[in-house]
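Undergrad: Here it is, the structure, as structure tokens.
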Protein chains: 10
Amino acid sequence: MNRIDVTEKIISTKVAKGIKWEQVAQQVGLSKEWTTAGCLGQMTFDAAQAAIIGDIFDLTEEERKWLQVVPYKGSLPTPVPTDPLIYRWYEIVSVYGSTIKELIHEEFGDGIMSAIDFSMDIQRQEDPKGDRVNVVLSGKFLPYKQY
Amino acid sequence: MNRIDVTEKIISTKVAKGIKWEQVAQQVGLSKEWTTAGCLGQMTFDAAQAAIIGDIFDLTEEERKWLQVVPYKGSLPTPVPTDPLIYRWYEIVSVYGSTIKELIHEEFGDGIMSAIDFSMDIQRQEDPKGDRVNVVLSGKFLPYKQY
Amino acid sequence: MNRIDVTEKIISTKVAKGIKWEQVAQQVGLSKEWTTAGCLGQMTFDAAQAAIIGDIFDLTEEERKWLQVVPYKGSLPTPVPTDPLIYRWYEIVSVYGSTIKELIHEEFGDGIMSAIDFSMDIQRQEDPKGDRVNVVLSGKFLPYKQY
Amino acid sequence: MNRIDVTEKIISTKVAKGIKWEQVAQQVGLSKEWTTAGCLGQMTFDAAQAAIIGDIFDLTEEERKWLQVVPYKGSLPTPVPTDPLIYRWYEIVSVYGSTIKELIHEEFGDGIMSAIDFSMDIQRQEDPKGDRVNVVLSGKFLPYKQY
Amino acid sequence: MNRIDVTEKIISTKVAKGIKWEQVAQQVGLSKEWTTAGCLGQMTFDAAQAAIIGDIFDLTEEERKWLQVVPYKGSLPTPVPTDPLIYRWYEIVSVYGSTIKELIHEEFGDGIMSAIDFSMDIQRQEDPKGDRVNVVLSGKFLPYKQY
Amino acid sequence: MNRIDVTEKIISTKVAKGIKWEQVAQQVGLSKEWTTAGCLGQMTFDAAQAAIIGDIFDLTEEERKWLQVVPYKGSLPTPVPTDPLIYRWYEIVSVYGSTIKELIHEEFGDGIMSAIDFSMDIQRQEDPKGDRVNVVLSGKFLPYKQY
Amino acid sequence: MNRIDVTEKIISTKVAKGIKWEQVAQQVGLSKEWTTAGCLGQMTFDAAQAAIIGDIFDLTEEERKWLQVVPYKGSLPTPVPTDPLIYRWYEIVSVYGSTIKELIHEEFGDGIMSAIDFSMDIQRQEDPKGDRVNVVLSGKFLPYKQY
Amino acid sequence: MNRIDVTEKIISTKVAKGIKWEQVAQQVGLSKEWTTAGCLGQMTFDAAQAAIIGDIFDLTEEERKWLQVVPYKGSLPTPVPTDPLIYRWYEIVSVYGSTIKELIHEEFGDGIMSAIDFSMDIQRQEDPKGDRVNVVLSGKFLPYKQY
Amino acid sequence: MNRIDVTEKIISTKVAKGIKWEQVAQQVGLSKEWTTAGCLGQMTFDAAQAAIIGDIFDLTEEERKWLQVVPYKGSLPTPVPTDPLIYRWYEIVSVYGSTIKELIHEEFGDGIMSAIDFSMDIQRQEDPKGDRVNVVLSGKFLPYKQY
Amino acid sequence: MNRIDVTEKIISTKVAKGIKWEQVAQQVGLSKEWTTAGCLGQMTFDAAQAAIIGDIFDLTEEERKWLQVVPYKGSLPTPVPTDPLIYRWYEIVSVYGSTIKELIHEEFGDGIMSAIDFSMDIQRQEDPKGDRVNVVLSGKFLPYKQY
């Protein structure tokens with residue numbers, strides 16, 4: 001058994017039972033983004049969280065233990081994603097990547113926006129011309145230090 | 001001459017003269033994100049905008065015409081970016097890609113978040129534990145239609 | 001169980017029973033292109049459509065649920081397809097890609113032809129020198145917007 | 001000197017002079033798709049056509065000869081295109097590739113749709129919900145023969 | 001079940017029973033090249049041929065049906081083949097590719113040698129300095145047409 | 001200076017002067033296939049042959065010396081060729097590769113068909129249904145030896 | 001069943017029984033290099049050899065037949081090997097490849113060192129500064145021939 | 001200026017002057033393998049050796065200094081080499097890689113054959129059936145150590 | 001059975017039983033780095049060590065034998081790792097690779113830092129600004145030798 | 001002009017003048033690792049540092065400005081490095097990557113070792129069995145945070 005098996009069971013049970021990620025997040029008491037990433041095998045739950053997830057998805061004791069093991073991260077099957085929804089994000093990195101780099105450096109100097117001390121919030125924004133997906137990304141700026 | 005030559009001249013002049021993207025954007029009258037992307041060869045300016053950009057960066061008539069030609073987009077030299085700042089964005093797509101997909105579909109159904117009818121806003125958020133980079137992405141949801 | 005399992009069962013049953021995609025489309029009440037793409041794991045059916053598909057291909061309740069889950073899209077095993085029929089389409093993108101880009105931009109300005117708000121119609125065109133495959137692609141033009 | 005040099009000169013002159021592909025096609029007397037592909041280094045002109053193109057773009061005698069040499073085809077810099085407009089076409093091949101294969105085989109049997117005995121027509125279709133790009137692809141069906 | 005399963009069964013049975021491709025071809029009444037390609041999952045048999053193949057390799061009814069379904073073609077596991085015999089053919093394309101292109105264009109003009117309206121004949125040519133493999137490839141020339 | 005410079009000069013001069021490969025081969029006294037491959041930088045000429053080639057293409061003394069240096073072989077810019085004429089040959093290796101392997105082994109046992117002790121002959125075969133390209137490949141069979 | 005299954009069984013039995021390749025080679029009566037390559041699925045045994053191998057590794061009749069079928073060669077999982085011992089050989093080809101090419105051509109002219117009419121001998125060479133691995137490679141020189 | 005420039009000048013001068021690597025090696029007083037590798041930009045010369053090389057190839061003072069700088073090693077343009085002579089070596093690693101690994105481990109245990117404390121000797125071995133290239137590789141065995 | 005099966009069983013048992021690598025290392029009597037690498041299928045244990053490991057992880061006799069077989073090394077699923085923790089190490093090689101090369105050559109001359117005669121020590125370094133991971137790598141310098 | 005031009009000039013001047021990185025670092029007043037990385041185009045200098053570097057390497061005013069611009073990082077030409085010294089570091093990541101991940105997570109929980117808040121120290125460690133390269137890497141541990 002490994003974490004991928006647990007992830008597949010969670011997804012399979014979600015479809016069979018008609019569970020929503022938002023409900024899972026509410027029960028766990030964390031954001032829907034972090035909770036979903038954890039259920040998809042990208043984050044590590046503590047014992048209490050694993051117990052809640054385990055009850056929702058009918059996981060065995062051993063499967064609940066796997067939720068508490070740090071996983072090998074990376075959720076996509078190819079370096080350039082083929083799924084159109086995910087590809088658009090890759091396209092944003094491709095088209096705007098140099099722009100993002102320039103503007104963060106202009107404001108902060110040399111360093112990066114952390115993807116670890118990081119949060120994400122995805123919301124629907126109603127719009128008469130067609131609703132929009134609004135995403136707020138927040139990452140701590142980490143400066144390169146001289147030594 | 002091609003658009004890449006113009007982009008290189010803009011960057012080179014920017015360094016030599018010490019110009020800031022934010023100043024350029026203010027003169028052009030557009031967001032700093034869109035303006036920078038345009039100067040980096042990813043967007044198309046109209047004649048009036050090209051004239052402003054041309055004055056800022058000492059461009060010739062022919063170079064100003066190239067700013068009005070739709071460029072071949074894609075600003076990164078490799079499919080997986082090597083620069084740490086840009087890589088973190090690629091990492092977000094890799095680690096959170098399946099999460100983003102799940103949550104947008106849960107809210108909107110099958111479709112994508114547009115990278116064309118799209119805007120981006122990058123801001124500093126002050127924080128006593130270390131300032132953060134806040135980015136708001138807004139893209140129209142485009143549903144797959146049956147036919 | 002996942003969507004790929006359902007797709008494989010559909011294909012396997014199609015061969016065993018001698019079903020035609022056109023018949024499936026007629027029963028579902030949609031174009032043969034969209035219906036086939038859905039059966040091949042690229043589109044999402046609603047409950048009523050899934051019930052019809054499920055009856056045609058003897059799917060279980062759980063399999064019918066999977067037809068209603070948005071799939072991870074991308075139907076080819078390699079970035080450059082090896083199958084000659086599909087390769088010819090890739091070749092068209094390779095040889096004519098820059099032409100398509102030039103002509104759409106000449107007519108519409110900067111933007112893209114949507115692959116989401118999109119339809120496709122494949123027809124036989126009789127021709128004494130050898131029948132032809134005629135394909136009509138129709139995609140909404142989406143302009144890049146300034147912000 | 002090689003064909004790529006000639007293509008770059010044509011594009012460069014087109015921008016400097018503000019020429020449109022449609023005008024070029026009318027002077028050459030061929031479709032805008034084929035003419036543009038030829039000017040972009042993908043097709044071979046005969047002497048008379050090369051003379052017309054040469055006059056439009058101020059080509060030398062040697063450059064006009066290169067237009068009559070069969071080029072090494074393929075107009076994109078990477079196997080998976082990064083430009084969003086061209087990528088959408090690659091995405092259509094990726095998402096719909098297996099569908100196209102199934103439906104052409106269902107109608108015609110084993111074989112391919114030719115990309116050589118082939119034509120393409122790109123048109124604007126007005127639509128109150130947003131104009132559409134309509135593309136008609138026509139390729140002779142070539143059956144695999146037994147021997 | 002899919003076509004790959006049928007191909008593997010055919011190969012496995014061939015080894016177990018000591019069948020030769022030439023014998024199979026004689027029974028089917030086609031060339032050994034086409035017949036072998038079909039048995040290896042690259043070509044489509046009709047019902048009568050599938051019955052003969054089915055009897056030789058002890059195939060079930062369902063397996064015989066799969067022989068009549070157009071397969072996803074491409075018989076090699078990697079883009080650059082590792083097997084030395086097959087690699088030598090890839091090497092011929094690499095070393096002589098530009099030569100083949102030049103000479104076919106010199107004789108025929110712009111177009112291709114078809115790999116669909118195509119036949120291949122592999123024969124032993126006795127030679128005192130060591131026997132040779134002689135291969136005759138015959139493909140219809142397909143000219144690019146202007147439109 | 002290197003061999004690639006010489007190859008480019010040969011091709012450039014060929015276009016400027018309207019030389020045909022067949023004429024070059026006749027003057028050199030070798031097949032058109034070997035001669036063309038040599039001129040395209042894939043084979044090594046001796047001094048007498050280099051002198052003939054040098055006269056035809058106006059080469060300097062140093063350039064003639066380069067024709068006598070064994071080149072780094074491989075004439076294509078990408079592992080999977082994008083040019084349609086050359087791709088068809090790659091497709092033949094992909095689709096028929098396993099077939100070629102099976103039939104040569106069935107006839108000769110384990111070993112390869114040499115691409116070094118090798119010749120190629122490309123001819124037009126007239127055909128009322130459309131002329132064909134006929135290619136004869138002849139390579140010595142080299143058996144794996146036990147030791 | 002296929003050759004890979006037989007190779008895996010041989011390796012698995014070797015570990016379980018503690019067999020050494022050198023012993024296998026002695027019983028088969030061939031070099032340890034060729035014998036090991038054959039057991040690892042890269043060479044073809046004759047019936048008598050397969051019987052000996054079969055007895056050593058407890059192979060069934062069908063498995064012994066597979067040893068007599070020419071395998072699809074190539075023993076490494078990636079184009080650039082990750083295992084440090086094998087990588088060092090790849091590194092030798094990378095660092096010394098151009099040197100090997102220059103020196104063989106200086107001595108023999110244009111052609112190759114055969115990897116088919118080839119043998120390899122790996123021996124320990126005792127050395128007070130640390131024992132060395134000595135490898136002798138012997139391949140027939142095959143000259144390119146003009147035609 | 002960089003080391004690649006120096007390498008290209010050495011090769012270019014070698015062709016122009018008709019120098020042989022063996023002569024260079026004799027003057028430098030090292031093996032022809034090491035000397036050639038150094039001239040091809042893979043090894044580092046000391047000042048005295050650089051002076052000799054510099055005289056042979058008419059190098060400037062600055063170019064002689066570059067010969068004494070440790071180069072970025074790797075002499076091939078692609079991960080899988082296209083040149084047939086060099087490819088055969090890559091093929092040996094591919095086909096015999098697992099065999100080499102097994103036999104070195106059987107004799108020495110876990111560790112590698114060094115490519116640094118390493119020498120290579122390439123010789124012609126006369127043979128009535130066709131002369132052979134004999135290569136002796138000698139590398140120190142380096143055992144993995146426990147800690 | 002192969003080594004990968006044993007590695008998976010070890011990891012699976014570790015999670016089920018809640019074992020820590022540090023404990024395993026203490027029982028084996030080696031560093032935690034070497035012991036963990038061995039348990040993850042990268043190093044070779046001797047019989048006594050395999051017995052200890054076998055008892056900890058409930059391994060069968062055959063599985064204990066596999067621990068004593070030199071494994072095919074390389075512990076990552078892709079050439080560029082997707083897991084953020086491991087990627088940061090890859091990034092260090094990418095960003096600092098040329099620096100490491102320059103400084104080791106400046107100090108030692110041409111050669112490498114061994115990854116075989118090598119040890120690694122990973123420790124927590126307490127720091128009020130946030131604890132740090134301290135890693136000491138120690139590798140023997142191996143000079144290139146002239147011959 | 002761009003940063004790569006400046007880097008090349010620095011390296012070229014370093015060779016011509018025989019400068020050592022350690023001397024540069026002493027004049028700049030930073031570690032030799034950070035200083036070298038900066039000179040090789042991976043780090044950003046402030047104005048005072050750029051002036052010192054500029055004096056050492058005879059840089060123009062514009063070149064000194066480029067030293068103060070954040071560069072696009074990544075110092076290697078290929079994803080898998082070919083240079084043996086740098087490859088050994090890649091090999092350490094490949095062989096020990098999963099071990100490093102396990103041990104850091106065992107000590108710190110889920111998170112990464114920073115490559116930004118990071119320092120490196122490379123030293124010679126004398127050893128009678130052959131001197132060693134000792135490298136100390138120190139990176140802040142950054143925990144994944146829940147939100």
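Ordering of the structure tokens sets the chain letters (A, B, ...), residue numbers begin anew at 1 in every chain, and ligands are numbered from 1 in the order given.
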Where does range 5-96 of chain I meet range 9-27 of chain G within 8 Å, residue by residue, with the nearest atom pair and distance in Å to one decimal for each, counting only C-alpha atoms, listed by chain and rising number, as a tab-separated table?

TA:
residue	atom	partner	partner_atom	distance
I:Glu62	CA	G:Ala16	CA	6.0
I:Lys65	CA	G:Val15	CA	6.7
I:Trp66	CA	G:Val15	CA	6.8
I:Val69	CA	G:Val15	CA	7.6

Undergrad: Do you know which residues are at most 10 Å from Thr36 in chain B counting only C-alpha atoms, after dropping those on the same chain fewer than 2 positions away, and could you put them as a list of chain:residue names?

TA: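 Final neighbour list, sorted by chain and number: A:Tyr96, A:Ser98, A:Thr99, A:Ile100, A:Glu102, A:Leu103, B:Lys20, B:Trp21, B:Glu22, B:Val24, B:Ala25, B:Leu30, B:Ser31, B:Lys32, B:Glu33, B:Trp34, B:Gly38, B:Cys39, B:Leu40, B:Gly41, B:Gln42, B:Met43.
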
Undergrad: If you keep C-alpha atoms, can you produce a file of those selected residues as a tab-separated table (two decimals), in the first residue's frame?

TA:
chain	number	residue	atom	x	y	z
A	96	TYR	CA	3.37	36.09	-17.90
A	98	SER	CA	8.88	37.02	-17.21
A	99	THR	CA	6.41	39.75	-16.25
A	100	ILE	CA	5.81	38.27	-12.79
A	102	GLU	CA	10.16	41.65	-13.34
A	103	LEU	CA	7.42	43.11	-11.16
B	20	LYS	CA	10.80	51.33	-13.86
B	21	TRP	CA	7.91	49.29	-15.28
B	22	GLU	CA	5.48	51.09	-13.02
B	24	VAL	CA	5.98	52.99	-18.06
B	25	ALA	CA	2.54	51.69	-17.13
B	30	LEU	CA	-2.71	50.59	-18.30
B	31	SER	CA	-1.93	48.19	-15.45
B	32	LYS	CA	1.73	47.47	-14.74
B	33	GLU	CA	1.12	43.76	-15.44
B	34	TRP	CA	-0.29	44.19	-18.94
B	38	GLY	CA	3.65	43.92	-23.67
B	39	CYS	CA	7.13	45.37	-23.33
B	40	LEU	CA	8.46	41.85	-22.84
B	41	GLY	CA	6.99	40.82	-26.19
B	42	GLN	CA	3.82	39.04	-25.07
B	43	MET	CA	1.08	41.58	-25.89

Undergrad: Please, which residues of chain C lie no more than 10 Å from chain A when the count uses only C-alpha atoms, and can they be set out as a PyMOL selection string?

TA: chain C and resi 1-3+42+61-66+68-69+71-76+78-79+115-116

Undergrad: Output as a list in words all residues of chain I that backbone DSSP marks as strand (DSSP E).

TA: Gly111, Ile112, Met113, Ser114, Ala115, Ile116, Asp117, Phe118, Ser119, Met120, Asp121, Ile122, Gln123, Arg124, Gln125, Arg132, Val133, Asn134, Val135, Val136, Leu137, Ser138, Gly139, Lys140, Phe141, Leu142 and Pro143 of chain I

Undergrad: Can you pull out every residue within 8 Å of Val70 in chain F, counting only C-alpha atoms, but drop anything in the same chain fewer than 5 positions away, and send it as a list in words?

TA: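 Answer for this query is Met43 and Thr44 of chain F; His105, Gly109 and Asp110 of chain G.
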
Undergrad: How would the residues just picked look written out with N, CA, C and O atoms as a PDB file, in the first residue's frame?

TA:
ATOM      1  N   MET F  43      28.851  12.230 -46.103  1.00  0.00           N
ATOM      2  CA  MET F  43      29.834  11.262 -46.579  1.00  0.00           C
ATOM      3  C   MET F  43      31.164  11.976 -46.831  1.00  0.00           C
ATOM      4  O   MET F  43      31.209  13.203 -46.867  1.00  0.00           O
ATOM      5  N   THR F  44      32.223  11.172 -47.047  1.00  0.00           N
ATOM      6  CA  THR F  44      33.572  11.696 -47.196  1.00  0.00           C
ATOM      7  C   THR F  44      34.044  11.496 -48.629  1.00  0.00           C
ATOM      8  O   THR F  44      34.012  10.368 -49.133  1.00  0.00           O
TER       9      THR F  44
ATOM     10  N   HIS G 105      38.773   7.245 -37.228  1.00  0.00           N
ATOM     11  CA  HIS G 105      38.811   7.746 -38.610  1.00  0.00           C
ATOM     12  C   HIS G 105      40.250   8.016 -39.051  1.00  0.00           C
ATOM     13  O   HIS G 105      40.587   7.795 -40.217  1.00  0.00           O
ATOM     14  N   GLY G 109      39.845   5.547 -41.701  1.00  0.00           N
ATOM     15  CA  GLY G 109      38.991   6.246 -42.665  1.00  0.00           C
ATOM     16  C   GLY G 109      37.541   6.234 -42.217  1.00  0.00           C
ATOM     17  O   GLY G 109      37.248   5.883 -41.074  1.00  0.00           O
ATOM     18  N   ASP G 110      36.610   6.588 -43.132  1.00  0.00           N
ATOM     19  CA  ASP G 110      35.200   6.705 -42.765  1.00  0.00           C
ATOM     20  C   ASP G 110      34.590   5.317 -42.596  1.00  0.00           C
ATOM     21  O   ASP G 110      34.773   4.440 -43.448  1.00  0.00           O
TER      22      ASP G 110
END

Undergrad: Can you measure CA of Gln146 in chain J to CA of Arg132 in chain I for me? One decimal in Å is fine.

TA: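 Separation between CA of Gln146 in chain J and CA of Arg132 in chain I: 20.4 Å.
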
Undergrad: Determine which residues of range 68-129 of chain A DSSP labels as helix (DSSP H, G or I) from the backbone of this structure, then write them out as JSON, numbers by chain.

TA: {"A": [84, 85, 86, 87, 88, 89, 90, 91, 92, 93, 94, 95, 96, 97, 98, 99, 100, 101, 102, 103, 104, 105, 106, 107, 108]}

Undergrad: Store the residues of this selection in a file with C-alpha atoms, as a short mmCIF file (atom, residue, chain, number, x, y, z; two decimals), in the first residue's frame.

TA:
data_model
loop_
_atom_site.label_atom_id
_atom_site.label_comp_id
_atom_site.auth_asym_id
_atom_site.auth_seq_id
_atom_site.Cartn_x
_atom_site.Cartn_y
_atom_site.Cartn_z
CA PRO A 84 -7.18 22.32 -20.73
CA LEU A 85 -8.10 23.78 -17.32
CA ILE A 86 -4.68 23.04 -15.87
CA TYR A 87 -2.91 23.96 -19.11
CA ARG A 88 -4.30 27.51 -18.91
CA TRP A 89 -2.39 27.92 -15.64
CA TYR A 90 0.75 26.61 -17.28
CA GLU A 91 0.12 29.09 -20.10
CA ILE A 92 -0.12 31.94 -17.59
CA VAL A 93 3.32 30.93 -16.26
CA SER A 94 4.64 30.74 -19.82
CA VAL A 95 3.20 34.03 -21.10
CA TYR A 96 3.37 36.09 -17.90
CA GLY A 97 6.36 34.37 -16.24
CA SER A 98 8.88 37.02 -17.21
CA THR A 99 6.41 39.75 -16.25
CA ILE A 100 5.81 38.27 -12.79
CA LYS A 101 9.56 38.04 -12.31
CA GLU A 102 10.16 41.65 -13.34
CA LEU A 103 7.42 43.11 -11.16
CA ILE A 104 8.20 41.16 -8.00
CA HIS A 105 11.89 42.07 -8.35
CA GLU A 106 10.99 45.71 -9.00
CA GLU A 107 9.00 45.80 -5.77
CA PHE A 108 11.03 43.47 -3.53
#
